[in-house]
$ cat my_file.txt   # compact mmCIF, C-alpha atoms
# COMPACT_ATOMS: atom_id res chain seq x y z
CA MET A 21 119.60 141.32 89.54
CA THR A 22 116.42 142.05 91.47
CA ASP A 23 115.36 140.27 94.64
CA GLN A 24 112.52 138.63 92.69
CA ALA A 25 114.95 137.27 90.10
CA LYS A 26 116.92 135.57 92.88
CA ARG A 27 113.91 133.75 94.21
CA PRO A 28 113.79 129.96 93.86
CA VAL A 29 111.15 128.69 91.48
CA ALA A 30 107.96 126.81 92.34
CA VAL A 31 106.40 124.85 89.47
CA ILE A 32 102.65 124.29 89.92
CA THR A 33 100.62 122.22 87.46
CA GLY A 34 96.88 122.60 87.11
CA ALA A 35 97.40 126.20 88.16
CA ALA A 36 94.36 127.52 86.32
CA GLY A 37 92.03 125.76 88.75
CA ASP A 38 90.98 126.94 92.20
CA ILE A 39 93.33 124.68 94.16
CA GLY A 40 96.30 125.36 91.89
CA ALA A 41 95.72 129.11 92.04
CA ALA A 42 95.49 129.00 95.84
CA ILE A 43 98.75 127.03 96.05
CA ALA A 44 100.41 129.56 93.77
CA ALA A 45 99.21 132.45 95.95
CA LYS A 46 100.53 130.70 99.05
CA LEU A 47 104.00 130.17 97.57
CA SER A 48 104.24 133.54 95.82
CA ALA A 49 105.77 135.36 98.80
CA THR A 50 108.92 133.26 98.71
CA HIS A 51 109.13 131.83 95.19
CA ALA A 52 108.91 132.81 91.55
CA LEU A 53 105.97 130.97 90.07
CA ALA A 54 105.93 128.76 86.99
CA LEU A 55 102.20 128.25 86.45
CA VAL A 56 101.32 125.34 84.19
CA ASP A 57 98.00 124.34 82.65
CA ILE A 58 96.53 123.24 79.34
CA ASN A 59 93.92 126.04 79.53
CA LEU A 60 96.06 129.05 78.63
CA GLU A 61 93.30 131.65 78.84
CA ALA A 62 92.32 130.68 82.38
CA LEU A 63 95.97 130.29 83.34
CA GLU A 64 96.90 133.78 82.16
CA ALA A 65 93.98 135.19 84.14
CA VAL A 66 95.40 133.59 87.31
CA ALA A 67 98.91 134.81 86.48
CA ASN A 68 97.65 138.36 85.91
CA VAL A 69 95.83 138.45 89.26
CA LEU A 70 98.90 137.17 91.10
CA SER A 71 101.18 139.61 89.26
CA GLU A 72 98.92 142.49 90.26
CA GLN A 73 99.38 141.32 93.86
CA GLY A 74 103.17 141.50 93.49
CA ALA A 75 103.97 137.91 92.55
CA ASP A 76 106.62 136.95 90.01
CA ALA A 77 104.25 134.74 88.00
CA HIS A 78 104.81 133.14 84.60
CA ALA A 79 102.20 131.17 82.62
CA TYR A 80 103.10 128.13 80.52
CA LYS A 81 100.64 126.16 78.44
CA CYS A 82 101.49 122.47 78.56
CA ASP A 83 99.83 119.14 77.85
CA LEU A 84 101.33 117.13 80.69
CA THR A 85 100.58 113.88 78.89
CA ASN A 86 102.83 114.94 75.98
CA PRO A 87 106.56 114.20 76.56
CA ASP A 88 107.63 116.87 74.06
CA ASP A 89 105.58 119.50 75.88
CA LEU A 90 107.24 118.49 79.17
CA THR A 91 110.72 118.85 77.70
CA THR A 92 109.89 122.31 76.35
CA LEU A 93 108.35 123.28 79.68
CA SER A 94 111.47 122.24 81.59
CA ASP A 95 113.74 124.29 79.32
CA LEU A 96 111.55 127.38 79.68
CA VAL A 97 111.11 127.10 83.45
CA GLN A 98 114.76 126.54 84.25
CA SER A 99 115.59 129.86 82.60
CA LEU A 100 113.77 131.47 85.55
CA GLY A 101 116.20 130.12 88.15
CA SER A 102 116.69 127.21 90.51
CA VAL A 103 113.64 124.94 90.74
CA ALA A 104 113.00 124.32 94.44
CA ILE A 105 109.38 123.11 94.48
CA LEU A 106 107.30 120.99 92.15
CA VAL A 107 103.59 120.65 92.88
CA ASN A 108 101.81 118.10 90.69
CA ASN A 109 98.26 119.35 91.07
CA ALA A 110 96.70 118.66 87.66
CA GLY A 111 94.07 115.94 87.59
CA ALA A 112 90.52 114.99 86.60
CA ALA A 113 88.19 112.00 86.78
CA ALA A 114 86.76 110.46 83.63
CA THR A 115 84.43 107.70 84.79
CA LEU A 116 82.11 107.01 87.74
CA SER A 117 82.05 103.22 87.95
CA LEU A 118 83.85 100.12 86.76
CA GLN A 119 80.73 98.94 84.97
CA ALA A 120 80.49 102.19 83.03
CA MET A 121 84.24 102.50 82.43
CA LYS A 122 85.46 102.43 78.86
CA THR A 123 88.99 101.52 77.83
CA GLU A 124 89.76 105.05 76.66
CA GLU A 125 88.48 106.50 79.96
CA LEU A 126 90.76 104.19 81.94
CA ALA A 127 93.69 105.25 79.78
CA ARG A 128 92.81 108.94 80.27
CA ASP A 129 92.53 108.62 84.06
CA LEU A 130 95.85 106.80 84.33
CA ALA A 131 97.60 109.13 81.89
CA LEU A 132 96.61 112.39 83.58
CA ASN A 133 96.46 111.39 87.24
CA LEU A 134 99.46 109.06 87.49
CA GLU A 135 101.67 108.95 84.43
CA ALA A 136 101.74 112.73 83.85
CA ALA A 137 102.72 113.42 87.45
CA LEU A 138 105.53 110.85 87.35
CA ASN A 139 106.76 112.05 83.97
CA CYS A 140 106.64 115.66 85.16
CA PHE A 141 108.70 114.70 88.20
CA LYS A 142 111.23 112.83 86.04
CA THR A 143 111.49 115.85 83.74
CA PHE A 144 112.28 118.20 86.63
CA ALA A 145 114.23 115.71 88.75
CA PRO A 146 117.67 116.90 87.55
CA ALA A 147 116.80 120.49 88.47
CA LEU A 148 115.38 119.46 91.85
CA ILE A 149 118.48 117.40 92.60
CA GLU A 150 120.74 120.26 91.55
CA ASN A 151 118.92 122.55 93.97
CA GLY A 152 119.95 120.24 96.82
CA ASN A 153 117.09 121.25 99.12
CA ALA A 154 113.99 120.77 97.03
CA SER A 155 110.46 119.57 97.68
CA LEU A 156 107.89 117.64 95.68
CA VAL A 157 104.21 117.64 96.60
CA ASN A 158 101.74 115.51 94.69
CA ILE A 159 98.09 116.48 95.10
CA VAL A 160 96.33 113.15 95.29
CA SER A 161 92.83 112.51 96.68
CA ILE A 162 91.02 110.89 99.54
CA ASN A 163 89.82 108.56 96.77
CA GLY A 164 93.30 107.07 96.79
CA LEU A 165 92.82 106.05 100.42
CA GLY A 166 89.28 104.68 100.31
CA THR A 167 86.43 103.61 98.05
CA PHE A 168 84.26 106.59 97.15
CA GLY A 169 83.55 106.04 93.45
CA HIS A 170 85.56 107.03 90.35
CA PRO A 171 87.52 103.74 90.48
CA SER A 172 90.07 104.35 87.73
CA TYR A 173 90.81 107.87 89.03
CA SER A 174 91.06 106.43 92.54
CA ALA A 175 93.43 103.69 91.41
CA ALA A 176 95.63 106.29 89.73
CA LYS A 177 95.70 108.45 92.88
CA ALA A 178 96.48 105.40 95.04
CA GLY A 179 99.35 104.65 92.68
CA LEU A 180 100.59 108.23 92.98
CA ILE A 181 100.54 107.98 96.79
CA HIS A 182 102.77 104.92 96.57
CA ALA A 183 104.98 106.54 93.94
CA THR A 184 105.46 109.56 96.20
CA ARG A 185 106.76 107.29 98.95
CA ALA A 186 109.09 105.62 96.46
CA ILE A 187 110.46 109.00 95.40
CA ALA A 188 111.00 109.95 99.05
CA VAL A 189 113.00 106.78 99.63
CA GLU A 190 115.06 106.89 96.44
CA TYR A 191 115.73 110.63 96.20
CA GLY A 192 116.14 111.59 99.85
CA LYS A 193 119.91 111.26 99.54
CA PHE A 194 119.80 114.16 97.07
CA GLY A 195 118.12 116.48 99.55
CA LEU A 196 114.68 116.03 97.99
CA ARG A 197 111.59 115.63 100.15
CA ALA A 198 108.48 114.09 98.58
CA ASN A 199 105.01 114.18 100.13
CA SER A 200 101.40 114.06 99.00
CA VAL A 201 98.27 115.93 100.05
CA ALA A 202 94.92 114.14 99.82
CA PRO A 203 91.93 116.51 99.65
CA GLY A 204 88.39 115.37 100.26
CA THR A 205 85.51 117.38 98.84
CA VAL A 206 86.81 120.93 98.36
CA LYS A 207 84.61 123.97 97.76
CA THR A 208 85.90 124.71 94.28
CA GLN A 209 84.02 126.44 91.48
CA ALA A 210 83.19 123.02 90.02
CA TRP A 211 81.38 122.02 93.23
CA LYS A 212 79.72 125.42 93.48
CA ALA A 213 78.41 124.92 89.95
CA ARG A 214 76.87 121.66 91.11
CA GLN A 215 75.28 123.58 93.98
CA GLN A 216 73.40 125.73 91.46
CA GLN A 217 71.79 122.57 90.11
CA ASN A 218 71.37 120.99 93.54
CA PRO A 219 71.31 123.52 96.42
CA GLY A 220 71.74 120.69 98.94
CA VAL A 221 74.87 119.18 97.40
CA PHE A 222 77.21 120.34 100.17
CA ASP A 223 74.86 119.16 102.91
CA GLU A 224 74.70 115.78 101.21
CA ALA A 225 78.48 115.61 101.04
CA LEU A 226 78.88 116.72 104.67
CA ALA A 227 76.83 113.72 105.81
CA TRP A 228 79.92 111.62 105.12
CA TYR A 229 82.36 113.86 107.00
CA PRO A 230 82.98 113.71 110.79
CA TYR A 231 84.02 117.37 110.90
CA LYS A 232 81.13 119.39 109.58
CA GLN A 233 83.08 121.84 107.47
CA LEU A 234 84.45 121.29 103.98
CA PRO A 235 87.88 122.65 103.05
CA GLU A 236 88.35 125.63 100.79
CA PRO A 237 91.16 125.68 98.18
CA GLU A 238 93.20 127.78 100.62
CA ASP A 239 93.17 124.90 103.12
CA ILE A 240 94.89 122.67 100.57
CA ALA A 241 97.35 125.48 99.86
CA GLU A 242 98.18 125.79 103.57
CA ALA A 243 99.04 122.08 103.69
CA VAL A 244 101.32 122.47 100.67
CA GLY A 245 102.89 125.56 102.19
CA PHE A 246 103.66 123.65 105.37
CA LEU A 247 105.09 120.58 103.64
CA THR A 248 107.37 122.67 101.42
CA SER A 249 108.55 124.91 104.27
CA PRO A 250 111.61 124.56 106.52
CA THR A 251 109.21 123.77 109.36
CA ALA A 252 108.63 120.38 107.71
CA ARG A 253 112.30 119.81 106.91
CA CYS A 254 112.31 116.22 108.24
CA ILE A 255 108.88 115.24 106.91
CA THR A 256 109.03 113.11 103.77
CA GLY A 257 107.13 110.17 102.35
CA VAL A 258 103.83 111.05 104.03
CA CYS A 259 100.31 111.46 102.68
CA LEU A 260 98.51 114.28 104.50
CA PRO A 261 94.70 114.11 104.21
CA VAL A 262 92.86 117.43 104.24
CA ASP A 263 89.49 115.79 104.36
CA SER A 264 87.54 116.88 107.44
CA GLY A 265 88.18 113.45 108.98
CA LEU A 266 86.78 111.22 106.23
CA SER A 267 89.91 109.05 106.10
CA ALA A 268 89.42 108.33 109.82
CA GLY A 269 85.90 107.04 109.23
CA SER A 270 82.43 108.20 108.30
CA PRO A 271 79.39 108.80 110.51
CA ALA A 272 77.14 108.04 107.52
CA LEU A 273 76.32 104.50 108.67
CA PRO A 274 72.91 102.80 108.30
CA ARG A 275 70.52 103.90 111.05
CA THR A 276 69.78 100.28 111.96
CA PHE A 277 73.47 99.86 112.78
CA THR A 278 74.07 103.08 114.64
CA GLN A 279 70.90 102.75 116.73
CA SER A 280 71.34 99.09 117.60
CA THR A 281 71.39 98.34 121.33
CA ASP A 282 72.82 94.87 120.68
CA PHE A 283 76.15 96.04 119.28
CA ASP A 284 78.90 95.38 121.81
CA GLY A 285 81.85 96.47 119.73
CA LEU A 286 84.48 94.44 117.93
$ encode --input "my_file.txt" --output "structure tokens"
Amino acid sequence: MTDQAKRPVAVITGAAGDIGAAIAAKLSATHALALVDINLEALEAVANVLSEQGADAHAYKCDLTNPDDLTTLSDLVQSLGSVAILVNNAGAAATLSLQAMKTEELARDLALNLEAALNCFKTFAPALIENGNASLVNIVSINGLGTFGHPSYSAAKAGLIHATRAIAVEYGKFGLRANSVAPGTVKTQAWKARQQQNPGVFDEALAWYPYKQLPEPEDIAEAVGFLTSPTARCITGVCLPVDSGLSAGSPALPRTFTQSTDFDGL
């Protein structure tokens, strides 16, 4: 048996995207990688790049909203070895506002951003418990901590933050730590595509952020790497924002308020 074959397994959903690929790269030095996404072509491209860099990477197409797909995924992944890390990273937003929201969009946001993550955890829970020293990280969003649009997506992410705490409380006795990471605006390819249409899109976003730099996918990966590492061995049940300070507050207040000489504080 090779050293790679003895590595514990990290399962990463949404691994075809920029954040998922960065998380996979971060964990590849210490874990075999089970990369999961519904977009098999993009997923295999990520797996090939990581494999060329020496990673033990395996690509699995899966519709996370389909229980049968999750069962098949679990059987395939557990043949790789002991599952030590599950990162629920897959997610997407379907609607911008409550007024525009359609019933099917609400169902889609809840299904992908909350139900799929919980069902994925339940599917892998026996393997994580058997490991005895496992870690779950749910990638949520700063939208789950504040009101920044995309209300049904935000409600799902807020629910996932709470569910992560519940998992930490209920499963801690099995040696499982559960945490969440809440990104703000991240410089992914999707945002860079918006920049081609609107060259000022990042400057507009930065107006809301106290710290005038936006995270890259690797910044989210570093947070996941920390939370799943022995360094964080007593950290569980937390939500770690990687949001350039937005969860602390925003400087983007009306000028009449910020320039007022009559404001004496609260």
$ residues_around --input "my_file.txt" --residues "Lys207 (chain A)" --least-positions-apart "6" --cutoff "9 Å" --atoms "all atoms listed in the file" --output "JSON, numbers by chain"
{"A": [38, 222, 234, 235, 236, 237]}
$ write_last_selection --input "my_file.txt" --atoms "C-alpha atoms" --output "mmCIF file, keeping the file's coordinate frame"
data_model
loop_
_atom_site.group_PDB
_atom_site.id
_atom_site.type_symbol
_atom_site.label_atom_id
_atom_site.label_comp_id
_atom_site.auth_asym_id
_atom_site.auth_seq_id
_atom_site.Cartn_x
_atom_site.Cartn_y
_atom_site.Cartn_z
ATOM 1 C CA ASP A 38 90.980 126.940 92.200
ATOM 2 C CA PHE A 222 77.210 120.340 100.170
ATOM 3 C CA LEU A 234 84.450 121.290 103.980
ATOM 4 C CA PRO A 235 87.880 122.650 103.050
ATOM 5 C CA GLU A 236 88.350 125.630 100.790
ATOM 6 C CA PRO A 237 91.160 125.680 98.180
#
$ atom_distance --input "my_file.txt" --atom1 "CA of Asp95 (chain A)" --atom2 "CA of Val157 (chain A)"
20.8 Å
$ closest_residue --input "my_file.txt" --among "A:Thr92, A:Gly37, A:Pro219, A:Pro271" --to "Val206 (chain A)" --atoms "all atoms listed in the file"
A:Gly37
$ closest_residue --input "my_file.txt" --among "A:Ala110, A:Leu90, A:Ile43, A:Leu132" --to "Asn59 (chain A)" --atoms "all atoms listed in the file"
A:Ala110
$ atom_distance --input "my_file.txt" --atom1 "CA of Ala35 (chain A)" --atom2 "CA of Leu106 (chain A)"
11.9 Å
$ closest_residue --input "my_file.txt" --among "A:Ile255, A:Val262, A:Leu148, A:Ala45" --to "Gly204 (chain A)" --atoms "only C-alpha atoms"
A:Val262
$ closest_residue --input "my_file.txt" --among "A:Ala188, A:Cys82, A:Ala44, A:Gln73" --to "Ile58 (chain A)" --atoms "all atoms listed in the file"
A:Cys82
$ residues_around --input "my_file.txt" --residues "Leu165 (chain A)" --least-positions-apart "3" --cutoff "10 Å" --atoms "all atoms listed in the file" --output "number ranges by chain"
A: 160-162, 168, 174-175, 177-178, 181, 202, 259, 261, 266-267
$ atom_distance --input "my_file.txt" --atom1 "CA of Lys81 (chain A)" --atom2 "CA of Leu96 (chain A)"
11.0 Å
$ closest_residue --input "my_file.txt" --among "A:Thr85, A:Lys232, A:Gly40, A:Leu100" --to "Arg27 (chain A)" --atoms "all atoms listed in the file"
A:Leu100
$ residues_around --input "my_file.txt" --residues "region 143-147 of chain A" --least-positions-apart "2" --cutoff "8 Å" --atoms "only C-alpha atoms" --output "PyMOL selection string"
chain A and resi 90-91+94+98+102-103+106+139-141+149-151
$ write_last_selection --input "my_file.txt" --atoms "C-alpha atoms" --output "PDB file, keeping the file's coordinate frame"
ATOM      1  CA  LEU A  90     107.240 118.490  79.170  1.00  0.00           C
ATOM      2  CA  THR A  91     110.720 118.850  77.700  1.00  0.00           C
ATOM      3  CA  SER A  94     111.470 122.240  81.590  1.00  0.00           C
ATOM      4  CA  GLN A  98     114.760 126.540  84.250  1.00  0.00           C
ATOM      5  CA  SER A 102     116.690 127.210  90.510  1.00  0.00           C
ATOM      6  CA  VAL A 103     113.640 124.940  90.740  1.00  0.00           C
ATOM      7  CA  LEU A 106     107.300 120.990  92.150  1.00  0.00           C
ATOM      8  CA  ASN A 139     106.760 112.050  83.970  1.00  0.00           C
ATOM      9  CA  CYS A 140     106.640 115.660  85.160  1.00  0.00           C
ATOM     10  CA  PHE A 141     108.700 114.700  88.200  1.00  0.00           C
ATOM     11  CA  ILE A 149     118.480 117.400  92.600  1.00  0.00           C
ATOM     12  CA  GLU A 150     120.740 120.260  91.550  1.00  0.00           C
ATOM     13  CA  ASN A 151     118.920 122.550  93.970  1.00  0.00           C
TER      14      ASN A 151
END
$ closest_residue --input "my_file.txt" --among "A:Ser172, A:Asn68, A:Thr167, A:Asn158" --to "Leu118 (chain A)" --atoms "only C-alpha atoms"
A:Ser172
$ residues_around --input "my_file.txt" --residues "Glu64 (chain A)" --least-positions-apart "2" --cutoff "10 Å" --atoms "all atoms listed in the file" --output "PyMOL selection string"
chain A and resi 35-36+55-57+59-62+66-70+77-81
$ residues_near_point --input "my_file.txt" --point "(89.7, 107.3, 89.0)" --cutoff "10 Å" --atoms "all atoms listed in the file" --output "count of residues only"
29
